[in-house]
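Asks: Could you have a look at this structure, given as structure tokens, before my questions?
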Amino acid sequence: MNLQPRKEDIIVQQEFLRNTQGMEVKTGGVTLNAADFTVGEIVKAGTAIYVDGASKLGRKWLAGTLGTQTGAGLTMHDVKIVSGSNPIVGVLVAGHPRENRCTGVTANFKTATQGRIVFDI
């Protein structure tokens, strides 16, 4: 029995997908590198990430990131960054999202996901 309850605010995420046609999600999700985010931050659904080849952790896609990173995709759900923990998040690897509802999508991100994630419908 837990005698030290914890109160969490429930956040309802904004839908970022245009439709579910051709949608593919990475099996098993991706473990995010919490060091790329601040403690207490809510990583929104539709945030652009990639899988770092050395650490195998999901990293935030930044404006200067090249378009050659492997494992580029969009987070599928909101996740809160907690101190001392790397959260696991589902990742959209193919589909039709709305660009205006996504975070961190750059021209290089579009290049890395070309043919899989389509923004121009």
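Each chain in the structure tokens gets a letter, A, B, ..., in the order shown, and its residues are numbered from 1; ligands are numbered from 1 in order too.
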If we count only C-alpha atoms and set the cut-off at 8 Å, which residues sit around A:Arg18, ignoring sequence neighbours fewer than 2 positions away in its own chain? Please answer as JSON, numbers by chain.

Replies: {"A": [16, 20, 96, 97, 98]}

Asks: Residues within 7 Å of A:Arg116, please, as a PDB file with N, CA, C and O atoms, in the first residue's frame. Count only C-alpha atoms; anything in the same chain fewer than 5 positions from it doesn't count.

Replies:
```pdb
ATOM      1  N   VAL A  93       6.666   6.830 -37.647  1.00  0.00           N
ATOM      2  CA  VAL A  93       7.719   6.772 -38.666  1.00  0.00           C
ATOM      3  C   VAL A  93       7.161   6.933 -40.081  1.00  0.00           C
ATOM      4  O   VAL A  93       7.925   7.140 -41.013  1.00  0.00           O
ATOM      5  N   ALA A  94       5.852   6.837 -40.231  1.00  0.00           N
ATOM      6  CA  ALA A  94       5.218   7.075 -41.524  1.00  0.00           C
ATOM      7  C   ALA A  94       3.779   7.510 -41.283  1.00  0.00           C
ATOM      8  O   ALA A  94       3.100   6.980 -40.407  1.00  0.00           O
ATOM      9  N   GLY A  95       3.339   8.493 -42.051  1.00  0.00           N
ATOM     10  CA  GLY A  95       1.967   8.961 -41.901  1.00  0.00           C
ATOM     11  C   GLY A  95       1.783  10.371 -42.427  1.00  0.00           C
ATOM     12  O   GLY A  95       2.630  10.904 -43.143  1.00  0.00           O
TER      13      GLY A  95
END
```

Asks: Separation of atom CA of A:Gly84 and atom CA of A:Thr103, in Å?

Replies: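 The value is 24.1 Å.
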
Asks: For stretch 35-48 of chain A, work out the shell of residues within 10 Å, counting only C-alpha atoms and skipping chain neighbours fewer than 6 positions away, then give it as a compact mmCIF listing (two decimals) with N, CA and C atoms, in the first residue's frame.

Replies:
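Writing the result to part27.txt gives the following:
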```txt
# COMPACT_ATOMS: atom_id res chain seq x y z
N ILE A 11 -3.04 15.85 -18.64
CA ILE A 11 -2.95 16.74 -19.80
C ILE A 11 -3.55 16.02 -20.99
N GLN A 13 -3.64 15.74 -24.83
CA GLN A 13 -2.78 16.16 -25.94
C GLN A 13 -3.59 16.64 -27.13
N GLN A 14 -2.96 17.51 -27.90
CA GLN A 14 -3.57 18.00 -29.14
C GLN A 14 -3.31 16.98 -30.24
N GLU A 15 -4.34 16.65 -31.00
CA GLU A 15 -4.18 15.70 -32.10
C GLU A 15 -3.36 16.35 -33.20
N PHE A 16 -2.28 15.69 -33.63
CA PHE A 16 -1.41 16.25 -34.65
C PHE A 16 -1.50 15.52 -35.98
N LEU A 17 -2.21 14.40 -36.03
CA LEU A 17 -2.32 13.63 -37.28
C LEU A 17 -3.49 14.13 -38.12
N GLY A 58 16.61 8.50 -28.07
CA GLY A 58 15.94 9.50 -28.89
C GLY A 58 16.41 10.89 -28.50
N ARG A 59 16.80 11.68 -29.48
CA ARG A 59 17.28 13.05 -29.25
C ARG A 59 16.34 14.04 -29.90
N LYS A 60 16.24 15.23 -29.32
CA LYS A 60 15.41 16.30 -29.88
C LYS A 60 16.03 16.78 -31.19
N TRP A 61 15.19 16.94 -32.22
CA TRP A 61 15.64 17.45 -33.51
C TRP A 61 15.75 18.96 -33.38
N LEU A 62 16.95 19.50 -33.57
CA LEU A 62 17.17 20.94 -33.47
C LEU A 62 17.36 21.54 -34.85
N ALA A 72 14.52 9.01 -37.67
CA ALA A 72 13.77 10.25 -37.48
C ALA A 72 12.28 9.96 -37.48
N GLY A 73 11.57 10.65 -36.59
CA GLY A 73 10.13 10.48 -36.50
C GLY A 73 9.52 11.50 -35.57
N LEU A 74 8.22 11.37 -35.32
CA LEU A 74 7.48 12.28 -34.46
C LEU A 74 6.94 11.51 -33.25
N THR A 75 7.04 12.11 -32.07
CA THR A 75 6.51 11.46 -30.87
C THR A 75 5.00 11.30 -31.01
N MET A 76 4.46 10.18 -30.53
CA MET A 76 3.04 9.87 -30.70
C MET A 76 2.15 10.36 -29.56
N HIS A 77 2.75 10.65 -28.41
CA HIS A 77 1.94 11.08 -27.28
C HIS A 77 2.76 12.02 -26.39
N ASP A 78 2.06 12.79 -25.57
CA ASP A 78 2.73 13.67 -24.61
C ASP A 78 3.42 12.83 -23.56
N VAL A 79 4.58 13.30 -23.09
CA VAL A 79 5.30 12.61 -22.02
C VAL A 79 5.97 13.67 -21.16
N LYS A 80 5.96 13.46 -19.86
CA LYS A 80 6.57 14.40 -18.92
C LYS A 80 7.98 13.94 -18.58
N ILE A 81 8.93 14.87 -18.57
CA ILE A 81 10.31 14.57 -18.21
C ILE A 81 10.44 14.62 -16.70
N VAL A 82 10.85 13.50 -16.10
CA VAL A 82 11.00 13.37 -14.66
C VAL A 82 12.49 13.21 -14.35
N SER A 83 12.95 13.82 -13.29
CA SER A 83 14.36 13.76 -12.90
C SER A 83 14.83 12.32 -12.72
N GLY A 84 15.97 11.99 -13.33
CA GLY A 84 16.57 10.66 -13.18
C GLY A 84 15.93 9.57 -14.01
N SER A 85 15.14 9.94 -15.02
CA SER A 85 14.43 8.94 -15.80
C SER A 85 14.42 9.32 -17.28
N ASN A 86 14.65 8.35 -18.14
CA ASN A 86 14.53 8.53 -19.59
C ASN A 86 13.22 7.88 -20.02
N VAL A 89 8.66 6.59 -25.41
CA VAL A 89 7.58 7.23 -26.15
C VAL A 89 7.39 6.51 -27.48
N GLY A 90 6.14 6.44 -27.93
CA GLY A 90 5.85 5.90 -29.25
C GLY A 90 6.31 6.89 -30.31
N VAL A 91 6.71 6.39 -31.48
CA VAL A 91 7.23 7.26 -32.54
C VAL A 91 6.55 6.94 -33.87
N LEU A 92 6.00 7.98 -34.49
CA LEU A 92 5.42 7.87 -35.82
C LEU A 92 6.56 7.88 -36.84
N PRO A 97 0.94 13.86 -40.80
CA PRO A 97 0.68 14.81 -39.72
C PRO A 97 0.39 16.22 -40.26
N ARG A 98 -0.15 17.07 -39.39
CA ARG A 98 -0.34 18.48 -39.72
C ARG A 98 0.90 19.22 -39.22
N GLU A 99 1.62 19.83 -40.12
CA GLU A 99 2.88 20.48 -39.75
C GLU A 99 2.69 21.58 -38.71
N ASN A 100 1.59 22.33 -38.79
CA ASN A 100 1.37 23.42 -37.85
C ASN A 100 1.09 22.94 -36.42
N ARG A 101 0.86 21.65 -36.25
CA ARG A 101 0.64 21.10 -34.91
C ARG A 101 1.84 20.29 -34.40
N CYS A 102 2.92 20.31 -35.17
CA CYS A 102 4.14 19.59 -34.80
C CYS A 102 5.17 20.57 -34.24
N THR A 103 6.14 20.03 -33.51
CA THR A 103 7.19 20.83 -32.89
C THR A 103 8.54 20.40 -33.43
N GLY A 104 9.36 21.36 -33.84
CA GLY A 104 10.73 21.07 -34.26
C GLY A 104 10.89 20.55 -35.66
N VAL A 105 9.86 20.63 -36.49
CA VAL A 105 9.96 20.16 -37.87
C VAL A 105 10.70 21.22 -38.69
N THR A 106 11.81 20.82 -39.30
CA THR A 106 12.63 21.72 -40.12
C THR A 106 12.73 21.13 -41.53
N PHE A 109 14.57 17.92 -41.31
CA PHE A 109 13.73 16.83 -40.81
C PHE A 109 12.89 16.26 -41.94
N LYS A 110 12.33 17.15 -42.76
CA LYS A 110 11.52 16.70 -43.90
C LYS A 110 12.35 15.89 -44.87
```

Asks: As a list in words, list the residues of stretch 6-45 of chain A assigned to strand (DSSP E or B) by DSSP on the backbone atoms of this structure.

Replies: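 Listing strand (DSSP E or B) positions across stretch 6-45 of chain A yields Leu17, Arg18, Asn19, Thr20, Gln21, Gly22, Met23, Glu24, Val25, Val30, Thr31, Leu32, Ile42 and Val43 of chain A.
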
Asks: Go ahead and write the selection's residues with all heavy atoms as a short mmCIF file (atom, residue, chain, number, x, y, z; two decimals), in the first residue's frame.

Replies:
```
data_model
loop_
_atom_site.label_atom_id
_atom_site.label_comp_id
_atom_site.auth_asym_id
_atom_site.auth_seq_id
_atom_site.Cartn_x
_atom_site.Cartn_y
_atom_site.Cartn_z
N LEU A 17 -2.21 14.40 -36.03
CA LEU A 17 -2.32 13.63 -37.28
C LEU A 17 -3.49 14.13 -38.12
O LEU A 17 -4.56 14.45 -37.60
CB LEU A 17 -2.52 12.15 -36.98
CG LEU A 17 -1.32 11.44 -36.37
CD1 LEU A 17 -1.71 10.03 -35.95
CD2 LEU A 17 -0.17 11.40 -37.37
N ARG A 18 -3.27 14.20 -39.42
CA ARG A 18 -4.34 14.58 -40.35
C ARG A 18 -5.32 13.42 -40.52
O ARG A 18 -6.53 13.59 -40.56
CB ARG A 18 -3.72 14.94 -41.70
CG ARG A 18 -4.70 15.45 -42.73
CD ARG A 18 -4.03 15.96 -43.99
NE ARG A 18 -2.93 16.85 -43.76
CZ ARG A 18 -3.03 18.15 -43.47
NH1 ARG A 18 -4.21 18.69 -43.34
NH2 ARG A 18 -1.97 18.90 -43.29
N ASN A 19 -4.78 12.21 -40.66
CA ASN A 19 -5.59 10.99 -40.78
C ASN A 19 -4.71 9.80 -40.41
O ASN A 19 -3.54 9.98 -40.07
CB ASN A 19 -6.17 10.84 -42.20
CG ASN A 19 -5.09 10.80 -43.26
OD1 ASN A 19 -4.07 10.12 -43.11
ND2 ASN A 19 -5.30 11.52 -44.35
N THR A 20 -5.24 8.60 -40.48
CA THR A 20 -4.48 7.42 -40.11
C THR A 20 -4.05 6.58 -41.32
O THR A 20 -3.51 5.50 -41.13
CB THR A 20 -5.28 6.53 -39.13
OG1 THR A 20 -6.51 6.16 -39.76
CG2 THR A 20 -5.54 7.25 -37.83
N GLN A 21 -4.29 7.08 -42.52
CA GLN A 21 -3.89 6.36 -43.73
C GLN A 21 -2.37 6.21 -43.78
O GLN A 21 -1.65 7.19 -43.65
CB GLN A 21 -4.36 7.10 -44.97
CG GLN A 21 -5.86 7.08 -45.15
CD GLN A 21 -6.39 5.68 -45.33
OE1 GLN A 21 -7.04 5.16 -44.45
NE2 GLN A 21 -6.11 5.07 -46.44
N GLY A 22 -1.89 5.01 -43.98
CA GLY A 22 -0.46 4.76 -44.12
C GLY A 22 0.34 4.97 -42.86
O GLY A 22 1.57 5.05 -42.90
N MET A 23 -0.32 5.05 -41.73
CA MET A 23 0.37 5.31 -40.47
C MET A 23 1.18 4.09 -40.02
O MET A 23 0.69 2.97 -40.04
CB MET A 23 -0.64 5.67 -39.37
CG MET A 23 0.01 6.08 -38.08
SD MET A 23 -1.19 6.69 -36.89
CE MET A 23 -1.72 5.16 -36.15
N GLU A 24 2.45 4.32 -39.66
CA GLU A 24 3.31 3.28 -39.11
C GLU A 24 3.98 3.83 -37.86
O GLU A 24 4.46 4.97 -37.86
CB GLU A 24 4.38 2.85 -40.11
CG GLU A 24 3.83 2.13 -41.31
CD GLU A 24 4.93 1.71 -42.28
OE1 GLU A 24 6.06 1.42 -41.82
OE2 GLU A 24 4.66 1.68 -43.48
N VAL A 25 4.03 3.00 -36.83
CA VAL A 25 4.64 3.40 -35.56
C VAL A 25 5.79 2.45 -35.27
O VAL A 25 5.70 1.25 -35.52
CB VAL A 25 3.58 3.33 -34.42
CG1 VAL A 25 4.19 3.71 -33.09
CG2 VAL A 25 2.41 4.23 -34.75
N VAL A 30 10.70 4.47 -28.46
CA VAL A 30 12.07 4.98 -28.34
C VAL A 30 12.24 5.54 -26.94
O VAL A 30 11.35 6.21 -26.42
CB VAL A 30 12.33 6.09 -29.39
CG1 VAL A 30 13.64 6.80 -29.12
CG2 VAL A 30 12.31 5.51 -30.79
N THR A 31 13.39 5.28 -26.34
CA THR A 31 13.73 5.86 -25.05
C THR A 31 14.36 7.22 -25.31
O THR A 31 15.37 7.32 -25.99
CB THR A 31 14.72 4.97 -24.27
OG1 THR A 31 14.13 3.67 -24.12
CG2 THR A 31 15.02 5.55 -22.91
N LEU A 32 13.72 8.29 -24.80
CA LEU A 32 14.22 9.64 -25.01
C LEU A 32 15.41 9.94 -24.10
O LEU A 32 15.45 9.48 -22.95
CB LEU A 32 13.13 10.67 -24.74
CG LEU A 32 11.95 10.71 -25.68
CD1 LEU A 32 10.97 11.80 -25.24
CD2 LEU A 32 12.39 10.96 -27.11
N ILE A 42 6.89 19.06 -20.55
CA ILE A 42 6.01 18.13 -21.25
C ILE A 42 6.45 18.10 -22.70
O ILE A 42 6.38 19.11 -23.40
CB ILE A 42 4.53 18.58 -21.16
CG1 ILE A 42 4.08 18.76 -19.73
CG2 ILE A 42 3.64 17.61 -21.93
CD1 ILE A 42 4.02 17.50 -18.91
N VAL A 43 6.94 16.95 -23.16
CA VAL A 43 7.30 16.78 -24.57
C VAL A 43 5.99 16.47 -25.29
O VAL A 43 5.36 15.44 -25.03
CB VAL A 43 8.33 15.65 -24.76
CG1 VAL A 43 8.66 15.47 -26.23
CG2 VAL A 43 9.59 15.93 -23.95
#
```

Asks: Between atom CA of A:Ala63 and atom CA of A:Ala107, what is the spacing in Å?

Replies: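 Separation between atom CA of A:Ala107 and atom CA of A:Ala63: 8.7 Å.
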
Asks: Using DSSP secondary structure from the backbone, list all alpha helix (DSSP H) positions within chain A, as a short mmCIF file (atom, residue, chain, number, x, y, z; two decimals) with N, CA and C atoms, in the first residue's frame.

Replies:
```
data_model
loop_
_atom_site.label_atom_id
_atom_site.label_comp_id
_atom_site.auth_asym_id
_atom_site.auth_seq_id
_atom_site.Cartn_x
_atom_site.Cartn_y
_atom_site.Cartn_z
N ALA A 107 13.36 21.88 -42.42
CA ALA A 107 13.58 21.37 -43.78
C ALA A 107 14.44 20.11 -43.75
N ASN A 108 15.44 20.07 -42.88
CA ASN A 108 16.29 18.89 -42.76
C ASN A 108 15.52 17.69 -42.22
N PHE A 109 14.57 17.92 -41.31
CA PHE A 109 13.73 16.83 -40.81
C PHE A 109 12.89 16.26 -41.94
N LYS A 110 12.33 17.15 -42.76
CA LYS A 110 11.52 16.70 -43.90
C LYS A 110 12.35 15.89 -44.87
N THR A 111 13.62 16.28 -45.05
CA THR A 111 14.53 15.53 -45.92
C THR A 111 14.77 14.13 -45.35
N ALA A 112 14.99 14.04 -44.04
CA ALA A 112 15.27 12.76 -43.40
C ALA A 112 14.08 11.82 -43.43
#
```
